[in-house]
Amino acid sequence: MLSDSYGRVATDLRVSLTDRCNLRCAYCMPAEGLDWLPKPELLTDDEVVRLIRIGVERLGIREVRFTGGEPLLRRGLAAIVAETARLHPRPELSITTNGIGLARLAGPLREAGLDRVNVSLDTLRPESFRRLTRRDRLDDVLAGMAAAAAAGLTPVKVNSVLMRGINDGEARDLLRFCLERGYELRFIEQMPLDAQHGWRRANMVTADEIGRELEQEFALKPEDPDARGSAPAEAFLIDGGPARVGVIGSVTRPFCGACDRVRLTADGQVRNCLFAREESDLRDALRAGASDDELAARWRRAVAGKLPGHGINDPAFLQPDRPMSAIGG
């Protein structure tokens, strides 16, 4: 197992397939983009699959989510999904995407073995979308979400980050939109993971504020907290259910004590926490001829040193050197 000294066991693997993205979201990267990783530094498709296999067969990984950057930009994505779906025991397979290109790829990804998708959507207003992402691609995202639902990649989960003075007035609009289409909405507090290090607590819309805004129109009843397990989102039944909405209070309501996630970056580094400032290299060992047993041992050591929490609320907190686009959600 991938266990740490606080008794947590990592069973959920987030695999970043690229640091590249076709949007320039203001809370993630500057308008001009970033310096992408050189191709030789990226794991090859075969290397990605081998490390996932070690995680599944030797280390107890039960869920694999492909992330980025934007994972749909990875040309070998469908083949990686198909190879992962053939592992035993078969892990649950999902992807976090901005939705651009999903209209074309939803069917092939479903056929390859993908189970579901998470799509990032912060606004339904074209002008706000252009302001936030610096691209005019809202229609493509909406079409991708519809295609995912039609292909059976359900439940289609929608991730929304509210920012004060930009889209904080859209919480109820977003929830209405998702309820009408059978999508499952989750609001996420903005986290200090931007490349510009411009995050300010005062600009973050908190979980409490999100709840108060939604309750102006909807009756929210917390689900049984015992059923939450290691899920990052607090779930609420809407108007008695069965529809739900989630709120991920990463900053004001941290859930580090139940965290079961571990991350593999596109260049083969293990990160035992989203906010870790240290990484453990698997790529160089793999390319130097390390056996599966040796790679598994390195992975176990990396997770064993996980800290008790992310430390965002500690006065001495420092952002990770890598931004979210290079870490993978």
# chains A, B, ... in the order shown; residues from 1 in each chain; ligands from 1
>>> select_by_dssp(residues="region 29-107 of chain A", states="helix (DSSP H, G or I)", output="VMD selection string")
chain A and resid 39 to 41 45 to 59 71 to 73 77 to 85 102 to 107
>>> write_last_selection(atoms="N, CA and C atoms", output="CSV table (one decimal), in the first residue's frame")
chain,number,residue,atom,x,y,z
A,39,LYS,N,9.9,18.1,-24.7
A,39,LYS,CA,9.3,16.7,-25.0
A,39,LYS,C,10.2,15.6,-24.4
A,40,PRO,N,11.5,15.7,-24.5
A,40,PRO,CA,12.3,14.6,-23.9
A,40,PRO,C,12.1,14.4,-22.4
A,41,GLU,N,11.7,15.4,-21.7
A,41,GLU,CA,11.5,15.3,-20.3
A,41,GLU,C,10.1,14.7,-19.9
A,45,ASP,N,4.2,7.4,-23.6
A,45,ASP,CA,3.0,6.7,-23.4
A,45,ASP,C,3.3,5.4,-22.6
A,46,ASP,N,4.3,4.6,-23.1
A,46,ASP,CA,4.6,3.3,-22.5
A,46,ASP,C,5.1,3.5,-21.0
A,47,GLU,N,5.8,4.6,-20.8
A,47,GLU,CA,6.3,4.9,-19.4
A,47,GLU,C,5.1,5.2,-18.5
A,48,VAL,N,4.2,6.0,-19.0
A,48,VAL,CA,3.0,6.4,-18.2
A,48,VAL,C,2.3,5.1,-17.8
A,49,VAL,N,2.0,4.2,-18.8
A,49,VAL,CA,1.3,3.0,-18.6
A,49,VAL,C,2.0,2.1,-17.6
A,50,ARG,N,3.3,2.0,-17.7
A,50,ARG,CA,4.1,1.1,-16.8
A,50,ARG,C,3.9,1.6,-15.4
A,51,LEU,N,4.1,2.9,-15.1
A,51,LEU,CA,4.0,3.4,-13.8
A,51,LEU,C,2.6,3.3,-13.2
A,52,ILE,N,1.6,3.5,-14.0
A,52,ILE,CA,0.2,3.2,-13.6
A,52,ILE,C,0.0,1.7,-13.2
A,53,ARG,N,0.6,0.9,-14.1
A,53,ARG,CA,0.4,-0.6,-13.8
A,53,ARG,C,1.1,-0.9,-12.4
A,54,ILE,N,2.2,-0.4,-12.2
A,54,ILE,CA,2.9,-0.6,-10.9
A,54,ILE,C,2.0,-0.1,-9.7
A,55,GLY,N,1.4,1.1,-9.9
A,55,GLY,CA,0.5,1.6,-8.9
A,55,GLY,C,-0.7,0.7,-8.7
A,56,VAL,N,-1.3,0.2,-9.7
A,56,VAL,CA,-2.5,-0.6,-9.6
A,56,VAL,C,-2.2,-2.0,-9.1
A,57,GLU,N,-1.2,-2.7,-9.7
A,57,GLU,CA,-0.9,-4.1,-9.4
A,57,GLU,C,-0.1,-4.3,-8.1
A,58,ARG,N,0.7,-3.3,-7.7
A,58,ARG,CA,1.6,-3.5,-6.5
A,58,ARG,C,1.3,-2.5,-5.4
A,59,LEU,N,0.6,-1.4,-5.6
A,59,LEU,CA,0.5,-0.4,-4.6
A,59,LEU,C,-0.9,-0.1,-4.2
A,71,PRO,N,-5.4,17.4,-20.7
A,71,PRO,CA,-5.1,16.1,-21.1
A,71,PRO,C,-5.6,15.7,-22.5
A,72,LEU,N,-6.6,16.4,-23.0
A,72,LEU,CA,-7.1,16.1,-24.3
A,72,LEU,C,-6.1,16.5,-25.4
A,73,LEU,N,-5.0,17.2,-25.0
A,73,LEU,CA,-4.0,17.6,-26.0
A,73,LEU,C,-3.0,16.5,-26.2
A,77,LEU,N,-3.7,9.8,-25.7
A,77,LEU,CA,-4.6,9.6,-24.6
A,77,LEU,C,-5.5,8.4,-24.7
A,78,ALA,N,-6.2,8.2,-25.8
A,78,ALA,CA,-7.1,7.0,-25.9
A,78,ALA,C,-6.3,5.7,-25.7
A,79,ALA,N,-5.1,5.6,-26.3
A,79,ALA,CA,-4.3,4.4,-26.1
A,79,ALA,C,-3.9,4.2,-24.7
A,80,ILE,N,-3.6,5.3,-24.0
A,80,ILE,CA,-3.2,5.2,-22.5
A,80,ILE,C,-4.4,4.7,-21.7
A,81,VAL,N,-5.6,5.3,-22.0
A,81,VAL,CA,-6.8,4.9,-21.3
A,81,VAL,C,-7.1,3.4,-21.6
A,82,ALA,N,-7.0,3.0,-22.8
A,82,ALA,CA,-7.3,1.6,-23.2
A,82,ALA,C,-6.3,0.6,-22.4
A,83,GLU,N,-5.0,0.9,-22.4
A,83,GLU,CA,-4.1,0.1,-21.7
A,83,GLU,C,-4.4,0.0,-20.2
A,84,THR,N,-4.8,1.2,-19.6
A,84,THR,CA,-5.1,1.2,-18.2
A,84,THR,C,-6.3,0.4,-17.9
A,85,ALA,N,-7.3,0.5,-18.8
A,85,ALA,CA,-8.6,-0.2,-18.6
A,85,ALA,C,-8.4,-1.7,-18.6
A,102,LEU,N,-13.7,17.8,-26.5
A,102,LEU,CA,-14.4,16.7,-26.0
A,102,LEU,C,-15.5,16.2,-26.9
A,103,ALA,N,-16.1,17.2,-27.6
A,103,ALA,CA,-17.2,16.8,-28.6
A,103,ALA,C,-16.7,15.7,-29.6
A,104,ARG,N,-15.4,15.8,-30.0
A,104,ARG,CA,-14.8,14.9,-30.9
A,104,ARG,C,-14.3,13.6,-30.2
A,105,LEU,N,-13.9,13.7,-29.0
A,105,LEU,CA,-13.1,12.6,-28.4
A,105,LEU,C,-14.0,11.8,-27.4
A,106,ALA,N,-15.2,12.3,-27.0
A,106,ALA,CA,-15.9,11.7,-26.0
A,106,ALA,C,-16.2,10.2,-26.3
A,107,GLY,N,-16.7,10.0,-27.6
A,107,GLY,CA,-17.0,8.6,-28.0
A,107,GLY,C,-15.8,7.7,-28.0
>>> select_by_dssp(residues="region 51-104 of chain A", states="strand (DSSP E)", output="list in words")
Glu63, Val64, Arg65, Phe66, Thr67, Glu92, Leu93, Ser94, Ile95, Thr96 and Thr97 of chain A
>>> write_last_selection(atoms="C-alpha atoms", output="compact mmCIF listing (two decimals), in the first residue's frame")
# COMPACT_ATOMS: atom_id res chain seq x y z
CA GLU A 63 -8.84 5.15 -9.15
CA VAL A 64 -6.88 6.86 -11.92
CA ARG A 65 -7.72 10.35 -13.12
CA PHE A 66 -5.92 11.83 -16.12
CA THR A 67 -5.19 15.54 -15.81
CA GLU A 92 -12.00 3.49 -12.14
CA LEU A 93 -10.92 5.84 -14.95
CA SER A 94 -11.79 9.51 -15.26
CA ILE A 95 -10.42 12.70 -16.74
CA THR A 96 -10.39 16.36 -15.74
CA THR A 97 -10.61 18.58 -18.81
>>> residues_around(residues="Leu34 (chain A)", least_positions_apart="6", cutoff="10 Å", atoms="only C-alpha atoms", output="list in words")
Asp19, Arg20, Cys21, Arg24, Ala195, Pro323, Ser325 and Ala326 of chain A
>>> closest_residue(among="A:Ser230, A:Val262, A:Leu132, A:Leu162", to="Pro30 (chain A)", atoms="only C-alpha atoms")
A:Leu132
>>> closest_residue(among="A:Ala171, A:Leu13, A:Cys256, A:Ala276", to="Arg322 (chain A)", atoms="only C-alpha atoms")
A:Ala276
>>> atom_distance(atom1="CA of Phe255 (chain A)", atom2="CA of His310 (chain A)")
9.5 Å
>>> residues_around(residues="region 188-191 of chain A", least_positions_apart="5", cutoff="10 Å", atoms="only C-alpha atoms", output="ChimeraX atom specification")
/A:27-28,122,159-163,199-201,203-207,210,232-233,246-253,275,312,319,324
>>> atom_distance(atom1="CA of Pro126 (chain A)", atom2="CA of Ala150 (chain A)")
23.7 Å
>>> atom_distance(atom1="CA of Val158 (chain A)", atom2="CA of Tyr183 (chain A)")
6.8 Å
>>> residues_around(residues="Glu32 (chain A)", least_positions_apart="5", cutoff="12 Å", atoms="only C-alpha atoms", output="JSON, numbers by chain")
{"A": [21, 22, 23, 24, 25, 26, 133, 134, 195, 196]}
>>> write_last_selection(atoms="C-alpha atoms", output="tab-separated table (two decimals), in the first residue's frame")
chain	number	residue	atom	x	y	z
A	21	CYS	CA	-3.18	23.97	-22.23
A	22	ASN	CA	-5.27	25.67	-24.92
A	23	LEU	CA	-6.79	28.15	-22.47
A	24	ARG	CA	-5.08	30.85	-20.41
A	25	CYS	CA	-7.27	30.99	-17.31
A	26	ALA	CA	-6.38	34.04	-15.26
A	133	THR	CA	-9.80	32.17	-20.16
A	134	ARG	CA	-8.58	34.74	-22.70
A	195	ALA	CA	1.89	30.67	-11.88
A	196	GLN	CA	1.88	34.40	-11.13
>>> residues_around(residues="Glu279 (chain A)", least_positions_apart="6", cutoff="6 Å", atoms="only C-alpha atoms", output="VMD selection string")
chain A and resid 269 to 271
>>> write_last_selection(atoms="C-alpha atoms", output="PDB file, in the first residue's frame")
ATOM      1  CA  GLN A 269       7.691  13.079 -10.445  1.00  0.00           C
ATOM      2  CA  VAL A 270       5.644  11.784  -7.522  1.00  0.00           C
ATOM      3  CA  ARG A 271       3.917  14.481  -5.470  1.00  0.00           C
TER       4      ARG A 271
END
>>> closest_residue(among="A:Asp239, A:Asp224, A:Glu278, A:Asp321", to="Leu307 (chain A)", atoms="only C-alpha atoms")
A:Glu278
>>> closest_residue(among="A:Asp260, A:Glu180, A:Leu2, A:Ile100", to="Arg135 (chain A)", atoms="only C-alpha atoms")
A:Ile100
>>> decode(residues="region 60-119 of chain A", atoms="C-alpha atoms", output="PDB file, in the first residue's frame")
ATOM      1  CA  GLY A  60      -3.265  -0.557  -4.239  1.00  0.00           C
ATOM      2  CA  ILE A  61      -4.304   2.231  -6.619  1.00  0.00           C
ATOM      3  CA  ARG A  62      -8.032   1.896  -7.360  1.00  0.00           C
ATOM      4  CA  GLU A  63      -8.840   5.149  -9.154  1.00  0.00           C
ATOM      5  CA  VAL A  64      -6.885   6.856 -11.923  1.00  0.00           C
ATOM      6  CA  ARG A  65      -7.720  10.348 -13.121  1.00  0.00           C
ATOM      7  CA  PHE A  66      -5.921  11.831 -16.115  1.00  0.00           C
ATOM      8  CA  THR A  67      -5.185  15.540 -15.810  1.00  0.00           C
ATOM      9  CA  GLY A  68      -3.012  18.241 -17.349  1.00  0.00           C
ATOM     10  CA  GLY A  69      -2.518  20.992 -18.320  1.00  0.00           C
ATOM     11  CA  GLU A  70      -5.202  19.878 -20.730  1.00  0.00           C
ATOM     12  CA  PRO A  71      -5.079  16.078 -21.107  1.00  0.00           C
ATOM     13  CA  LEU A  72      -7.078  16.071 -24.350  1.00  0.00           C
ATOM     14  CA  LEU A  73      -3.981  17.589 -25.989  1.00  0.00           C
ATOM     15  CA  ARG A  74      -2.084  14.325 -25.397  1.00  0.00           C
ATOM     16  CA  ARG A  75      -2.170  12.479 -28.717  1.00  0.00           C
ATOM     17  CA  GLY A  76      -1.823   9.078 -27.110  1.00  0.00           C
ATOM     18  CA  LEU A  77      -4.613   9.641 -24.586  1.00  0.00           C
ATOM     19  CA  ALA A  78      -7.072   7.046 -25.920  1.00  0.00           C
ATOM     20  CA  ALA A  79      -4.349   4.384 -26.109  1.00  0.00           C
ATOM     21  CA  ILE A  80      -3.219   5.154 -22.545  1.00  0.00           C
ATOM     22  CA  VAL A  81      -6.823   4.871 -21.340  1.00  0.00           C
ATOM     23  CA  ALA A  82      -7.284   1.571 -23.175  1.00  0.00           C
ATOM     24  CA  GLU A  83      -4.101   0.067 -21.715  1.00  0.00           C
ATOM     25  CA  THR A  84      -5.050   1.222 -18.211  1.00  0.00           C
ATOM     26  CA  ALA A  85      -8.555  -0.233 -18.580  1.00  0.00           C
ATOM     27  CA  ARG A  86      -6.992  -3.651 -19.213  1.00  0.00           C
ATOM     28  CA  LEU A  87      -5.209  -3.730 -15.856  1.00  0.00           C
ATOM     29  CA  HIS A  88      -6.292  -6.079 -13.056  1.00  0.00           C
ATOM     30  CA  PRO A  89      -7.908  -5.102 -10.835  1.00  0.00           C
ATOM     31  CA  ARG A  90      -9.387  -2.586 -13.268  1.00  0.00           C
ATOM     32  CA  PRO A  91      -9.226   0.931 -11.776  1.00  0.00           C
ATOM     33  CA  GLU A  92     -11.997   3.486 -12.140  1.00  0.00           C
ATOM     34  CA  LEU A  93     -10.918   5.838 -14.949  1.00  0.00           C
ATOM     35  CA  SER A  94     -11.789   9.507 -15.256  1.00  0.00           C
ATOM     36  CA  ILE A  95     -10.421  12.705 -16.745  1.00  0.00           C
ATOM     37  CA  THR A  96     -10.385  16.355 -15.739  1.00  0.00           C
ATOM     38  CA  THR A  97     -10.612  18.585 -18.813  1.00  0.00           C
ATOM     39  CA  ASN A  98     -11.576  22.047 -19.950  1.00  0.00           C
ATOM     40  CA  GLY A  99     -13.895  20.370 -22.463  1.00  0.00           C
ATOM     41  CA  ILE A 100     -12.353  21.773 -25.634  1.00  0.00           C
ATOM     42  CA  GLY A 101     -12.123  18.863 -28.055  1.00  0.00           C
ATOM     43  CA  LEU A 102     -14.385  16.670 -25.963  1.00  0.00           C
ATOM     44  CA  ALA A 103     -17.159  16.788 -28.561  1.00  0.00           C
ATOM     45  CA  ARG A 104     -14.842  14.894 -30.912  1.00  0.00           C
ATOM     46  CA  LEU A 105     -13.146  12.642 -28.356  1.00  0.00           C
ATOM     47  CA  ALA A 106     -15.941  11.664 -25.956  1.00  0.00           C
ATOM     48  CA  GLY A 107     -17.011   8.646 -28.026  1.00  0.00           C
ATOM     49  CA  PRO A 108     -13.508   7.248 -28.646  1.00  0.00           C
ATOM     50  CA  LEU A 109     -12.551   7.743 -24.990  1.00  0.00           C
ATOM     51  CA  ARG A 110     -15.665   5.921 -23.836  1.00  0.00           C
ATOM     52  CA  GLU A 111     -14.868   3.063 -26.214  1.00  0.00           C
ATOM     53  CA  ALA A 112     -11.307   2.984 -24.844  1.00  0.00           C
ATOM     54  CA  GLY A 113     -12.634   2.461 -21.326  1.00  0.00           C
ATOM     55  CA  LEU A 114     -12.995   5.912 -19.756  1.00  0.00           C
ATOM     56  CA  ASP A 115     -15.751   5.930 -17.119  1.00  0.00           C
ATOM     57  CA  ARG A 116     -16.515   9.617 -16.589  1.00  0.00           C
ATOM     58  CA  VAL A 117     -15.348  13.210 -16.978  1.00  0.00           C
ATOM     59  CA  ASN A 118     -14.911  16.326 -14.864  1.00  0.00           C
ATOM     60  CA  VAL A 119     -15.218  19.513 -16.913  1.00  0.00           C
TER      61      VAL A 119
END
